[in-house]
Every structure is written in structure tokens, then in C-alpha cells.
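Enquirer: Okay, handing you the structure first.
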Amino acid sequence: MTALMLYNSLTRSIEPFTPIHPGEARVYTCGPTVYNYQHIGNMRAYVFADTLGRVLRFKGYELRHVINITDVGHLTSDADAGDDKMEKAASAAGKSAWDIARYYTQEYWRDIKRLNIRQPHTWSIATDYVQQMIDFAQAIEARHCYRLDSGLYFDTATVPDYGRLARAHTDGGESRIDPVPGKRSPLDFAIWRTTPPGETRQMEWDSPWGRGAPGWHLECSVMSGALLGFPFDIHTGGIDHREIHHPCEIAQNQAHEGTADTGARLWMHNNFLIDRTGKMSKSSGDFLRLQTLIDRGFHPLSYRLMCLQAHYRSELEFSWEGLLAAQTRLKRMIAGVQKAVDDGPADDALLGEFDAALSNDLNTPVALTLLDGLLSGKKPHRGTIGRMDEALGLELTTLTRADLRVRPAAATLTEEDVEARLAERKAARAAKDFATSDRIRDDLIAAGVEVMDGDPLGWDWRPLV
């Protein structure tokens with residue numbers, strides 16, 4: 001197999017992957033803050049992390065993957081300002097923060113399953129690790145922290161090269177001006193937030209710095225170290241984490257371990273999903289989530305394929321037309337699988353090219369082109385298809401054409417109704433009764449169904465976007 005090369009955000013270069021523990025890959029992924037549904041931009045990060053994990057397994061590594069659930073501590077600003085997202089959501093809904101966390105965690109896991117994202121080795125829930133967070137903070141307090149009335153703060157001047165990951169001073173990384181009185185530097189960040197006098201939080205704990213809650217950045221340092229050990233192989237997240245959250249994690253890791261080591265050997269970040277309609281932010285309350293796509297008649301794996309069609313480090317623009325093109329491509333793939341044969345050996349040469357593409361920093365667009373070439377042949381080999389799909393996660397050997405007919409939420413006809421009307425239309429066309437044929441077609445369009453006359457795949461209809 002080709003050596004696996006991955007882009008390290010820390011060095012801004014592609015480097016060979018050499019596991020710390022031979023034969024094993026240890027990966028930590030920054031998971032969701034469960035105060036709301038995840039929008040489709042959030043979900044791109046988990047498709048990326050899943051693809052990385054699949055490629056590591058494809059290449060023979062045993063995978064130990066941790067994804068965290070942030071159910072406390074994340075403020076409405078990533079820079080120690082604003083309200084706690086969980087507390088704010090609970091207040092708005094008139095529910096407990098614990099209920100909010102439980103509900104949106106389940107919804108996130110539902111989306112994970114729909115996108116065929118593997119279960120990680122461990123889901124780490126932040127509130128399960130509060131005592132370890134307190135212990136971690138106590139261990140670094142004397143040399144790296146200072147106290148204010150509002151809590152315990154990390155002094156970023158006490159660690160080497162703070163902000164190197166973000167390149168804050170060299171390539172336009174995000175800077176912060178924080179209104180917290182008494183901070184030594186705007187770059188310093190909260191380790192523990194003490195509840196102000198006279199206030200009560202739903203989620204708060206006793207600590208040496210008063211009753212309160214941990215800072216968001218502390219959570220990931222504690223859970224990654226506890227579950228994977230420092231140093232571990234790869235830390236992933238969205239590119240927005242590269243500017244504040246991950247530099248803060250690195251500083252804490254360095255302080256705790258007493259070295260310049262960052263905690264993870266490689267830091268990997270997927271780029272943004274861009275939506276020109278402005279519905280990629282939860283702040284508007286009207287944002288695109290996976291259920292929105294399903295309600296419009298799209299299969300979730302069409303969105304996964306859309307993500308894979310772009311390199312993870314490239315911006316990906318979302319559009320309904322682009323999603324429709326991805327669903328059409330998925331249909332063609334399934335049609336190709338239907339021609340597959342079981343006899344004969346796997347295509348090792350093609351698998352070698354496929355491996356080389358994925359080994360080049362997860363170049364899924366090229367890998368998909370190689371898969372398309374296989375599926376366009378007269379008798380593609382089923383075992384080769386299955387091996388390639390292990391790394392891509394599109395469920396090609398189990399999906400059927402019927403699976404891709406997702407009934408839109410606004411549809412007025414069942415699939416059985418559509419098939420019955422199409423049978424009527426086929427009989428009308430055979431009898432050259434084109435007026436009846438056209439009337440049935442128009443009725444179906446009015447009901448949200450597009451009749452696909454002459455479809456080379458033979459797929460007679462699809463839900464309208």
C-alpha cells in the first residue's frame with residue numbers, strides 16, 4: 001500500500017502518518033455542543049472525521065476514535081464572552097439544561113446514523129468528566145493560571161509559541177479582545193467560570209475557585225488525554241476551531257505535560273460548507289439541517305456524497321442543484337452495482353490506484369472517479385466495489401433504487417399511488433392516448449413527482465426538489 005500522507009494544520013504541510021503505537025491510530029474529534037440541532041455545515045466535519053477513520057482502517061490500522069459531546073461550558077462566543085449556550089437554550093425552551101442536552105444528543109446521533117457515520121470507540125460526555133477537569137486545572141494552576149472574581153484564567157504567556165496553530169501573527173488568524181476585567185492579555189482564556197454572586201446556574205459544581213462550571217477549552221484537553229493518552233495521533237475539527245479552541249487546548253496540554261508537545265501529532269481541519277442563502281448559522285433560527293434535506297426528498301447519503309466530491313480542505317458551496325447532481329450520481333452508482341458479478345479476482349491494480357488517491361491526504365474526488373470508472377463497466381466486481389466503499393461509506397452494496405426515492409414532507413401521494421398512476425400512464429401511452437398520458441403527468445407534477453421519460457437508468461420518477 002501507498003504511504004498515508006496527511007495535511008498537518010500545525011506545520012501547514014503534508015506529512016507521513018506514523019502512528020505513535022504501531023498498528024494503531026488514536027484520533028480525537030471535537031464533537032457538537034448539544035443545545036440545538038446540528039446544521040449541515042456541522043455535519044460536514046463528522047463526514048470528514050468518519051472518512052479519515054475509514055481510510056485508516058482501510059489501510060490496516062486498528063482505530064481508537066473518540067468524539068466528545070459538549071453539554072456544558074460552551075459560551076455563545078468562543079472567546080469567553082456571552083451566555084452559556086446550554087443555559088440559554090434551556091431558558092428559552094423552559095426546560096432543564098440536562099433535558100436539552102439529552103434531546104439534542106439523541107438527534108445528533110440520529111443524523112450520524114443516517115449519514116452512515118461509524119460509531120466511534122468512545123463517546124465522551126463532558127459532564128461525566130467534571131472532577132477530572134477540576135483535577136487538571138489544579139495541576140496547572142500554580143505555574144500557568146491566575147484568579148479573578150469571575151474565575152480561573154490561563155496565562156498564555158506561560159507556554160511557548162501560543163497561537164502557532166492559528167498563525168495569529170503571520171497569516172491573518174483571528175484575534176480576540178475580551179471584555180473580562182482584570183485579564184492580563186486578551187489572549188488569556190477561562191479554565192473555570194465562577195458563578196456570579198446572586199446567580200444560580202442549572203449546571204454548576206463546587207471547585208477550589210467557587211461554585212461554577214468548566215471552560216469549554218478545558219473539556220477537550222481532559223477527555224482526549226484521559227481516553228487516548230498524551231501524545232496521541234490525530235486531532236480533528238472544523239477550521240473554525242483552528243483559530244481559538246484548538247490553540248487553547250494546545251496551551252493546556254503543554255502546561256499539563258510540561259513539554260512543548262501539542263498533545264496530538266497531527267491537527268486536521270475540514271473547511272467550511274458555504275451556503276449563499278445565509279442559512280448555515282443557527283443564530284437566525286432558520287438553518288439547514290439534515291432533516292431539511294430529507295423533507296425535500298433527498299436521501300442523506302446524497303449529502304455524504306456531496307461532501308466527498310470536494311476535498312475536505314476545500315470550501316464546499318451548498319446548493320439544491322448540487323445536491324440533486326450528487327443524488328443523480330448516487331443513482332448511477334447503484335445502477336452500476338446492480339450489474340456487479342461475484343466471480344473472478346478483485347481488481348488489485350484499481351485498488352492500488354484507489355489507495356494512492358486516498359493516501360494523498362484523503363483525495364476523495366479522485367477516489368470517486370476511480371469508483372465511477374469501475375461501475376461504468378459491463379461487469380464490475382462486487383468484491384472490489386465493497387472494498388472501495390469501505391473507505392467511502394456510501395452503502396453501495398445495500399442501497400436500492402427504491403431507497404433513494406425519499407418522500408418529501410409535502411408530498412400528497414404514497415409511492416404505491418405513484419406507481420399505480422405510472423402504470424395507468426404507461427397503458428395510455430401504449431394506446432396512443434397522449435391526452436390522458438399528459439394529464440397524468442401533470443397531476444403527478446402537481447403532487448410533487450417528476451416523471452422521467454427516457455431516463456437511461458430506467459428510473460421512471462423522482463420526487464421534485
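Residues are named by chain letter and number: chains run A, B, ... in the order of the C-alpha cells, numbers start at 1 in each chain, and ligands are numbered from 1 in the order shown.
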Would you tabulate, counting only C-alpha atoms, all residues of segment 107-194 of chain A that have an atom at most 12 Å from an atom of segment 304-316 of chain A, showing the closest pair of atoms and their distance in Å to one decimal, sorted by chain then ascending number, as a Markdown table?
Expert:
| residue | atom | partner | partner_atom | distance |
| --- | --- | --- | --- | --- |
| A:Asp111 | CA | A:Arg304 | CA | 11.3 |
| A:Ile112 | CA | A:Arg304 | CA | 10.8 |
| A:Lys113 | CA | A:Arg304 | CA | 11.7 |
| A:Arg114 | CA | A:Arg304 | CA | 9.7 |
| A:Leu115 | CA | A:Arg304 | CA | 6.3 |
| A:Asn116 | CA | A:Arg304 | CA | 8.5 |
| A:Ile117 | CA | A:Arg304 | CA | 9.4 |
Enquirer: Can you write out the residues you just picked, keeping all heavy atoms, as a PDB file, in the first residue's frame?
Expert:
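Everything below was put into part.pdb:
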ATOM      1  N   ASP A 111     -28.728  11.693  13.238  1.00  0.00           N
ATOM      2  CA  ASP A 111     -28.130  12.170  11.991  1.00  0.00           C
ATOM      3  C   ASP A 111     -26.853  11.406  11.663  1.00  0.00           C
ATOM      4  O   ASP A 111     -26.564  11.127  10.493  1.00  0.00           O
ATOM      5  CB  ASP A 111     -27.832  13.665  12.079  1.00  0.00           C
ATOM      6  CG  ASP A 111     -29.084  14.517  11.938  1.00  0.00           C
ATOM      7  OD1 ASP A 111     -30.142  13.965  11.557  1.00  0.00           O
ATOM      8  OD2 ASP A 111     -29.012  15.725  12.201  1.00  0.00           O
ATOM      9  N   ILE A 112     -26.073  11.080  12.691  1.00  0.00           N
ATOM     10  CA  ILE A 112     -24.864  10.281  12.496  1.00  0.00           C
ATOM     11  C   ILE A 112     -25.202   8.958  11.804  1.00  0.00           C
ATOM     12  O   ILE A 112     -24.553   8.547  10.843  1.00  0.00           O
ATOM     13  CB  ILE A 112     -24.190  10.014  13.870  1.00  0.00           C
ATOM     14  CG1 ILE A 112     -23.525  11.271  14.408  1.00  0.00           C
ATOM     15  CG2 ILE A 112     -23.202   8.852  13.781  1.00  0.00           C
ATOM     16  CD1 ILE A 112     -22.290  11.697  13.661  1.00  0.00           C
ATOM     17  N   LYS A 113     -26.245   8.303  12.277  1.00  0.00           N
ATOM     18  CA  LYS A 113     -26.647   7.021  11.699  1.00  0.00           C
ATOM     19  C   LYS A 113     -27.131   7.191  10.270  1.00  0.00           C
ATOM     20  O   LYS A 113     -26.803   6.379   9.388  1.00  0.00           O
ATOM     21  CB  LYS A 113     -27.752   6.403  12.567  1.00  0.00           C
ATOM     22  CG  LYS A 113     -28.192   5.018  12.115  1.00  0.00           C
ATOM     23  CD  LYS A 113     -29.208   4.421  13.075  1.00  0.00           C
ATOM     24  CE  LYS A 113     -29.619   3.018  12.625  1.00  0.00           C
ATOM     25  NZ  LYS A 113     -30.603   2.405  13.566  1.00  0.00           N
ATOM     26  N   ARG A 114     -27.912   8.251  10.020  1.00  0.00           N
ATOM     27  CA  ARG A 114     -28.435   8.480   8.670  1.00  0.00           C
ATOM     28  C   ARG A 114     -27.318   8.694   7.648  1.00  0.00           C
ATOM     29  O   ARG A 114     -27.458   8.337   6.473  1.00  0.00           O
ATOM     30  CB  ARG A 114     -29.345   9.708   8.674  1.00  0.00           C
ATOM     31  CG  ARG A 114     -30.695   9.510   9.353  1.00  0.00           C
ATOM     32  CD  ARG A 114     -31.316  10.852   9.624  1.00  0.00           C
ATOM     33  NE  ARG A 114     -32.753  10.801   9.728  1.00  0.00           N
ATOM     34  CZ  ARG A 114     -33.509  11.844  10.032  1.00  0.00           C
ATOM     35  NH1 ARG A 114     -32.957  13.026  10.279  1.00  0.00           N
ATOM     36  NH2 ARG A 114     -34.830  11.725  10.095  1.00  0.00           N
ATOM     37  N   LEU A 115     -26.217   9.286   8.079  1.00  0.00           N
ATOM     38  CA  LEU A 115     -25.103   9.564   7.180  1.00  0.00           C
ATOM     39  C   LEU A 115     -24.104   8.415   7.126  1.00  0.00           C
ATOM     40  O   LEU A 115     -23.035   8.542   6.524  1.00  0.00           O
ATOM     41  CB  LEU A 115     -24.391  10.852   7.615  1.00  0.00           C
ATOM     42  CG  LEU A 115     -25.175  12.145   7.341  1.00  0.00           C
ATOM     43  CD1 LEU A 115     -24.529  13.320   8.050  1.00  0.00           C
ATOM     44  CD2 LEU A 115     -25.271  12.408   5.840  1.00  0.00           C
ATOM     45  N   ASN A 116     -24.456   7.291   7.736  1.00  0.00           N
ATOM     46  CA  ASN A 116     -23.601   6.106   7.748  1.00  0.00           C
ATOM     47  C   ASN A 116     -22.232   6.416   8.340  1.00  0.00           C
ATOM     48  O   ASN A 116     -21.200   5.933   7.875  1.00  0.00           O
ATOM     49  CB  ASN A 116     -23.438   5.511   6.334  1.00  0.00           C
ATOM     50  CG  ASN A 116     -22.890   4.097   6.374  1.00  0.00           C
ATOM     51  OD1 ASN A 116     -23.138   3.354   7.312  1.00  0.00           O
ATOM     52  ND2 ASN A 116     -22.131   3.731   5.352  1.00  0.00           N
ATOM     53  N   ILE A 117     -22.219   7.249   9.367  1.00  0.00           N
ATOM     54  CA  ILE A 117     -21.001   7.543  10.104  1.00  0.00           C
ATOM     55  C   ILE A 117     -20.846   6.487  11.198  1.00  0.00           C
ATOM     56  O   ILE A 117     -21.773   6.235  11.969  1.00  0.00           O
ATOM     57  CB  ILE A 117     -21.062   8.963  10.703  1.00  0.00           C
ATOM     58  CG1 ILE A 117     -21.014   9.996   9.564  1.00  0.00           C
ATOM     59  CG2 ILE A 117     -19.941   9.200  11.708  1.00  0.00           C
ATOM     60  CD1 ILE A 117     -21.266  11.411  10.005  1.00  0.00           C
TER      61      ILE A 117
END
Enquirer: Excluding same-chain residues fewer than 3 positions from segment 66-72 of chain A, what lies within 7 Å of it counting only C-alpha atoms, as a list in words?
Expert: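 Contacts, with the query itself left out: Val27, Tyr28, Thr29, Cys30, Gly31, Pro32, Thr33, Val34, Met86, Ala101, Pro120, His121, Thr122, Trp123, Ser124, Ile125, Ala126 and Thr127 of chain A.
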Enquirer: At a cut-off of 9 Å, using only C-alpha atoms, what residues contact Val180 of chain A? Leave out same-chain residues fewer than 2 positions from it and give the result as a list in words.
Expert: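 So the residues in contact are Asp80, Ala81, Ser150, Asp178, Gly182, Lys183 and Pro186 of chain A.
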Enquirer: Can those selected residues be exported to a file as an mmCIF file, in the first residue's frame so that it contains N, CA, C and O atoms?
Expert:
data_model
loop_
_atom_site.group_PDB
_atom_site.id
_atom_site.type_symbol
_atom_site.label_atom_id
_atom_site.label_comp_id
_atom_site.auth_asym_id
_atom_site.auth_seq_id
_atom_site.Cartn_x
_atom_site.Cartn_y
_atom_site.Cartn_z
ATOM 1 N N ASP A 80 -14.739 33.554 25.453
ATOM 2 C CA ASP A 80 -15.049 33.859 26.851
ATOM 3 C C ASP A 80 -16.033 35.000 27.023
ATOM 4 O O ASP A 80 -15.941 35.792 27.965
ATOM 5 N N ALA A 81 -16.970 35.132 26.126
ATOM 6 C CA ALA A 81 -17.972 36.185 26.245
ATOM 7 C C ALA A 81 -19.346 35.606 25.959
ATOM 8 O O ALA A 81 -19.492 34.624 25.249
ATOM 9 N N SER A 150 -14.226 36.446 38.451
ATOM 10 C CA SER A 150 -15.060 35.709 37.501
ATOM 11 C C SER A 150 -14.585 34.283 37.260
ATOM 12 O O SER A 150 -15.262 33.518 36.562
ATOM 13 N N ASP A 178 -11.299 40.703 24.661
ATOM 14 C CA ASP A 178 -12.291 40.150 25.566
ATOM 15 C C ASP A 178 -12.622 41.152 26.664
ATOM 16 O O ASP A 178 -11.719 41.755 27.236
ATOM 17 N N GLY A 182 -9.679 42.600 34.274
ATOM 18 C CA GLY A 182 -8.570 42.027 35.011
ATOM 19 C C GLY A 182 -7.722 41.045 34.240
ATOM 20 O O GLY A 182 -6.660 40.622 34.734
ATOM 21 N N LYS A 183 -8.121 40.667 33.038
ATOM 22 C CA LYS A 183 -7.300 39.722 32.283
ATOM 23 C C LYS A 183 -5.958 40.354 31.918
ATOM 24 O O LYS A 183 -5.888 41.510 31.529
ATOM 25 N N PRO A 186 -5.658 39.845 26.257
ATOM 26 C CA PRO A 186 -6.884 39.424 25.559
ATOM 27 C C PRO A 186 -6.838 37.966 25.115
ATOM 28 O O PRO A 186 -7.875 37.360 24.886
#
Enquirer: Considering only C-alpha atoms, state which residue in the set A:Gly53, A:Ala25, A:Ser13, A:Ser281 is at the smallest distance from Gln119 of chain A.
Expert: A:Gly53
Enquirer: Pro160 of chain A: which residues within 12 Å, counting only C-alpha atoms, same-chain residues fewer than 3 positions away excluded, as a VMD selection string?
Expert: chain A and resid 144 155 to 157 163 to 165 247 250 to 255 258 to 262
Enquirer: For atom CA of Tyr61 of chain A and atom CA of Leu4 of chain A, determine how far apart the two atoms are, in Å to one decimal place.
Expert: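 Interatomic distance, atom CA of Tyr61 of chain A to atom CA of Leu4 of chain A: 11.1 Å.
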Enquirer: Applying 8 Å and only C-alpha atoms, which residues near Leu358 of chain A remain after dropping the ones on its own chain fewer than 4 positions away? List them as a PDB file with N, CA, C and O atoms, in the first residue's frame.
Expert:
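out20.pdb was written with the following content:
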ATOM      1  N   LEU A   4       0.561   6.655   3.799  1.00  0.00           N
ATOM      2  CA  LEU A   4      -0.502   7.621   4.046  1.00  0.00           C
ATOM      3  C   LEU A   4       0.103   8.977   4.373  1.00  0.00           C
ATOM      4  O   LEU A   4       0.888   9.122   5.322  1.00  0.00           O
ATOM      5  N   VAL A  55     -10.477   5.472   6.206  1.00  0.00           N
ATOM      6  CA  VAL A  55      -9.232   5.303   5.446  1.00  0.00           C
ATOM      7  C   VAL A  55      -8.155   4.665   6.323  1.00  0.00           C
ATOM      8  O   VAL A  55      -7.409   3.788   5.868  1.00  0.00           O
ATOM      9  N   PHE A 354      -6.782   3.435  -6.177  1.00  0.00           N
ATOM     10  CA  PHE A 354      -7.719   3.956  -5.192  1.00  0.00           C
ATOM     11  C   PHE A 354      -7.004   4.249  -3.877  1.00  0.00           C
ATOM     12  O   PHE A 354      -7.184   5.314  -3.266  1.00  0.00           O
ATOM     13  N   LEU A 362      -6.333  12.087   1.718  1.00  0.00           N
ATOM     14  CA  LEU A 362      -7.763  11.778   1.592  1.00  0.00           C
ATOM     15  C   LEU A 362      -8.376  12.417   0.346  1.00  0.00           C
ATOM     16  O   LEU A 362      -9.393  13.116   0.424  1.00  0.00           O
ATOM     17  N   ASN A 363      -7.796  12.152  -0.811  1.00  0.00           N
ATOM     18  CA  ASN A 363      -8.303  12.756  -2.047  1.00  0.00           C
ATOM     19  C   ASN A 363      -9.521  11.985  -2.536  1.00  0.00           C
ATOM     20  O   ASN A 363      -9.463  11.185  -3.468  1.00  0.00           O
ATOM     21  N   THR A 364     -10.642  12.227  -1.875  1.00  0.00           N
ATOM     22  CA  THR A 364     -11.876  11.510  -2.209  1.00  0.00           C
ATOM     23  C   THR A 364     -12.423  11.845  -3.598  1.00  0.00           C
ATOM     24  O   THR A 364     -13.039  10.965  -4.219  1.00  0.00           O
ATOM     25  N   ALA A 367     -10.720   9.428  -5.799  1.00  0.00           N
ATOM     26  CA  ALA A 367     -11.170   8.078  -5.449  1.00  0.00           C
ATOM     27  C   ALA A 367     -12.557   7.792  -6.019  1.00  0.00           C
ATOM     28  O   ALA A 367     -12.821   6.689  -6.518  1.00  0.00           O
TER      29      ALA A 367
END
Enquirer: Write out as a PyMOL selection string the residues lying within 10 Å of Asp240 of chain A, counting only C-alpha atoms and excluding same-chain residues fewer than 6 positions away.
Expert: chain A and resi 78+166+174+246+269-272
Enquirer: How would the residues just chosen look if you wrote them out with N, CA and C atoms as a JSON list (two decimals), in the first residue's frame?
Expert:
[["chain", "number", "residue", "atom", "x", "y", "z"],
["A", 78, "ASP", "N", -16.87, 32.12, 21.24],
["A", 78, "ASP", "CA", -15.77, 31.20, 21.52],
["A", 78, "ASP", "C", -14.69, 31.87, 22.34],
["A", 166, "ALA", "N", -3.03, 28.71, 14.91],
["A", 166, "ALA", "CA", -3.85, 29.69, 14.21],
["A", 166, "ALA", "C", -3.03, 30.60, 13.34],
["A", 174, "GLU", "N", -7.48, 34.74, 13.65],
["A", 174, "GLU", "CA", -8.45, 35.55, 14.39],
["A", 174, "GLU", "C", -7.84, 36.08, 15.69],
["A", 246, "HIS", "N", -8.67, 25.19, 19.47],
["A", 246, "HIS", "CA", -7.55, 24.27, 19.46],
["A", 246, "HIS", "C", -6.24, 24.89, 19.96],
["A", 269, "HIS", "N", -8.13, 19.79, 9.94],
["A", 269, "HIS", "CA", -9.34, 20.61, 9.95],
["A", 269, "HIS", "C", -10.01, 20.58, 8.58],
["A", 270, "ASN", "N", -11.31, 20.34, 8.59],
["A", 270, "ASN", "CA", -12.07, 20.46, 7.35],
["A", 270, "ASN", "C", -12.51, 21.90, 7.15],
["A", 271, "ASN", "N", -12.66, 22.29, 5.90],
["A", 271, "ASN", "CA", -13.06, 23.66, 5.58],
["A", 271, "ASN", "C", -14.58, 23.82, 5.69],
["A", 272, "PHE", "N", -15.02, 25.06, 5.48],
["A", 272, "PHE", "CA", -16.43, 25.39, 5.67],
["A", 272, "PHE", "C", -17.31, 24.86, 4.54]]
Enquirer: Run DSSP on the backbone and tell me which residues of segment 59-189 of chain A come out as helix (DSSP H, G or I); list them as a PyMOL selection string.
Expert: chain A and resi 85-93+97-114+126-144+156-158
Enquirer: Output the selection as a CSV table (one decimal), in the first residue's frame - N, CA and C atoms for each residue.
Expert:
chain,number,residue,atom,x,y,z
A,85,LYS,N,-24.3,28.4,26.1
A,85,LYS,CA,-25.2,28.0,25.1
A,85,LYS,C,-26.3,27.1,25.7
A,86,MET,N,-25.9,26.2,26.5
A,86,MET,CA,-26.8,25.2,27.1
A,86,MET,C,-27.8,25.9,28.0
A,87,GLU,N,-27.3,26.8,28.9
A,87,GLU,CA,-28.2,27.5,29.8
A,87,GLU,C,-29.2,28.4,29.0
A,88,LYS,N,-28.7,29.1,28.0
A,88,LYS,CA,-29.5,29.9,27.2
A,88,LYS,C,-30.6,29.2,26.5
A,89,ALA,N,-30.3,28.0,25.9
A,89,ALA,CA,-31.3,27.2,25.2
A,89,ALA,C,-32.3,26.6,26.2
A,90,ALA,N,-31.9,26.2,27.4
A,90,ALA,CA,-32.8,25.7,28.4
A,90,ALA,C,-33.8,26.8,28.8
A,91,SER,N,-33.3,28.0,29.0
A,91,SER,CA,-34.1,29.1,29.5
A,91,SER,C,-35.2,29.4,28.4
A,92,ALA,N,-34.7,29.4,27.1
A,92,ALA,CA,-35.7,29.7,26.0
A,92,ALA,C,-36.7,28.7,25.9
A,93,ALA,N,-36.4,27.4,26.1
A,93,ALA,CA,-37.3,26.3,26.0
A,93,ALA,C,-38.2,26.0,27.2
A,97,ALA,N,-31.4,22.2,31.5
A,97,ALA,CA,-30.3,22.0,30.6
A,97,ALA,C,-30.0,20.6,30.3
A,98,TRP,N,-30.2,19.7,31.3
A,98,TRP,CA,-30.0,18.3,31.2
A,98,TRP,C,-30.9,17.7,30.1
A,99,ASP,N,-32.2,18.1,30.1
A,99,ASP,CA,-33.1,17.6,29.2
A,99,ASP,C,-32.8,18.1,27.8
A,100,ILE,N,-32.4,19.4,27.7
A,100,ILE,CA,-31.9,19.9,26.4
A,100,ILE,C,-30.8,19.1,25.8
A,101,ALA,N,-29.8,18.8,26.7
A,101,ALA,CA,-28.6,18.1,26.2
A,101,ALA,C,-29.0,16.7,25.8
A,102,ARG,N,-29.9,16.0,26.5
A,102,ARG,CA,-30.3,14.7,26.2
A,102,ARG,C,-31.0,14.6,24.9
A,103,TYR,N,-31.9,15.5,24.7
A,103,TYR,CA,-32.7,15.5,23.4
A,103,TYR,C,-31.8,15.8,22.2
A,104,TYR,N,-31.0,16.8,22.2
A,104,TYR,CA,-30.2,17.1,21.1
A,104,TYR,C,-29.0,16.2,20.8
A,105,THR,N,-28.6,15.5,21.9
A,105,THR,CA,-27.6,14.4,21.7
A,105,THR,C,-28.2,13.3,20.9
A,106,GLN,N,-29.4,12.9,21.3
A,106,GLN,CA,-30.1,11.8,20.5
A,106,GLN,C,-30.4,12.2,19.1
A,107,GLU,N,-30.7,13.5,18.8
A,107,GLU,CA,-31.0,14.0,17.5
A,107,GLU,C,-29.7,13.9,16.7
A,108,TYR,N,-28.6,14.3,17.3
A,108,TYR,CA,-27.3,14.3,16.6
A,108,TYR,C,-26.9,12.8,16.3
A,109,TRP,N,-27.1,11.9,17.2
A,109,TRP,CA,-26.8,10.5,16.9
A,109,TRP,C,-27.7,10.0,15.8
A,110,ARG,N,-28.9,10.5,15.8
A,110,ARG,CA,-29.8,10.0,14.7
A,110,ARG,C,-29.2,10.5,13.3
A,111,ASP,N,-28.7,11.7,13.2
A,111,ASP,CA,-28.1,12.2,12.0
A,111,ASP,C,-26.9,11.4,11.7
A,112,ILE,N,-26.1,11.1,12.7
A,112,ILE,CA,-24.9,10.3,12.5
A,112,ILE,C,-25.2,9.0,11.8
A,113,LYS,N,-26.2,8.3,12.3
A,113,LYS,CA,-26.6,7.0,11.7
A,113,LYS,C,-27.1,7.2,10.3
A,114,ARG,N,-27.9,8.3,10.0
A,114,ARG,CA,-28.4,8.5,8.7
A,114,ARG,C,-27.3,8.7,7.6
A,126,ALA,N,-19.1,15.6,28.3
A,126,ALA,CA,-18.3,16.5,29.1
A,126,ALA,C,-18.7,16.5,30.6
A,127,THR,N,-20.0,16.4,30.9
A,127,THR,CA,-20.4,16.5,32.3
A,127,THR,C,-20.0,15.2,33.1
A,128,ASP,N,-19.5,14.2,32.4
A,128,ASP,CA,-19.0,13.0,33.1
A,128,ASP,C,-17.6,13.2,33.6
A,129,TYR,N,-16.9,14.2,33.1
A,129,TYR,CA,-15.5,14.4,33.4
A,129,TYR,C,-15.2,15.7,34.2
A,130,VAL,N,-16.2,16.2,34.9
A,130,VAL,CA,-16.0,17.5,35.6
A,130,VAL,C,-15.0,17.4,36.7
A,131,GLN,N,-15.0,16.3,37.4
A,131,GLN,CA,-14.0,16.1,38.5
A,131,GLN,C,-12.6,16.1,37.9
A,132,GLN,N,-12.4,15.3,36.8
A,132,GLN,CA,-11.1,15.3,36.1
A,132,GLN,C,-10.7,16.7,35.6
A,133,MET,N,-11.7,17.5,35.2
A,133,MET,CA,-11.4,18.8,34.8
A,133,MET,C,-10.8,19.7,35.9
A,134,ILE,N,-11.5,19.5,37.1
A,134,ILE,CA,-11.0,20.2,38.3
A,134,ILE,C,-9.6,19.8,38.7
A,135,ASP,N,-9.3,18.5,38.6
A,135,ASP,CA,-8.0,18.0,38.9
A,135,ASP,C,-7.0,18.5,38.0
A,136,PHE,N,-7.3,18.5,36.7
A,136,PHE,CA,-6.4,19.0,35.6
A,136,PHE,C,-6.1,20.5,35.9
A,137,ALA,N,-7.1,21.3,36.2
A,137,ALA,CA,-6.9,22.7,36.4
A,137,ALA,C,-6.0,23.0,37.7
A,138,GLN,N,-6.3,22.2,38.7
A,138,GLN,CA,-5.4,22.3,39.9
A,138,GLN,C,-4.0,22.0,39.6
A,139,ALA,N,-3.7,21.0,38.7
A,139,ALA,CA,-2.4,20.6,38.4
A,139,ALA,C,-1.6,21.7,37.7
A,140,ILE,N,-2.3,22.6,36.9
A,140,ILE,CA,-1.6,23.6,36.2
A,140,ILE,C,-1.7,25.0,36.8
A,141,GLU,N,-2.5,25.1,37.8
A,141,GLU,CA,-2.8,26.4,38.4
A,141,GLU,C,-1.6,27.2,38.8
A,142,ALA,N,-0.7,26.6,39.6
A,142,ALA,CA,0.3,27.4,40.2
A,142,ALA,C,1.3,28.0,39.2
A,143,ARG,N,1.6,27.3,38.1
A,143,ARG,CA,2.5,27.9,37.1
A,143,ARG,C,1.9,28.6,35.9
A,144,HIS,N,0.6,28.3,35.7
A,144,HIS,CA,0.1,28.8,34.4
A,144,HIS,C,-1.3,29.6,34.5
A,156,THR,N,-1.6,32.8,28.8
A,156,THR,CA,-1.0,32.2,27.6
A,156,THR,C,0.5,32.6,27.4
A,157,ALA,N,1.0,33.6,28.2
A,157,ALA,CA,2.4,33.9,28.1
A,157,ALA,C,3.3,32.9,28.8
A,158,THR,N,2.7,31.9,29.5
A,158,THR,CA,3.5,30.9,30.2
A,158,THR,C,3.8,29.7,29.4
Enquirer: With only C-alpha atoms as the atoms that count, which of A:Phe154, A:Phe318, A:Phe230, A:Tyr7 lies nearest to Arg26 of chain A?
Expert: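 Distance minimum relative to Arg26 of chain A lands on A:Phe230.
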Enquirer: Restricting the calculation to only C-alpha atoms: of A:Cys248, A:Val337, A:Leu273, A:Leu228, which residue gets closest to Gly215 of chain A?
Expert: A:Cys248
Enquirer: Would you mind reading off the distance between atom CA of Leu56 of chain A and atom CA of Met388 of chain A, one decimal, in Å?
Expert: 13.0 Å
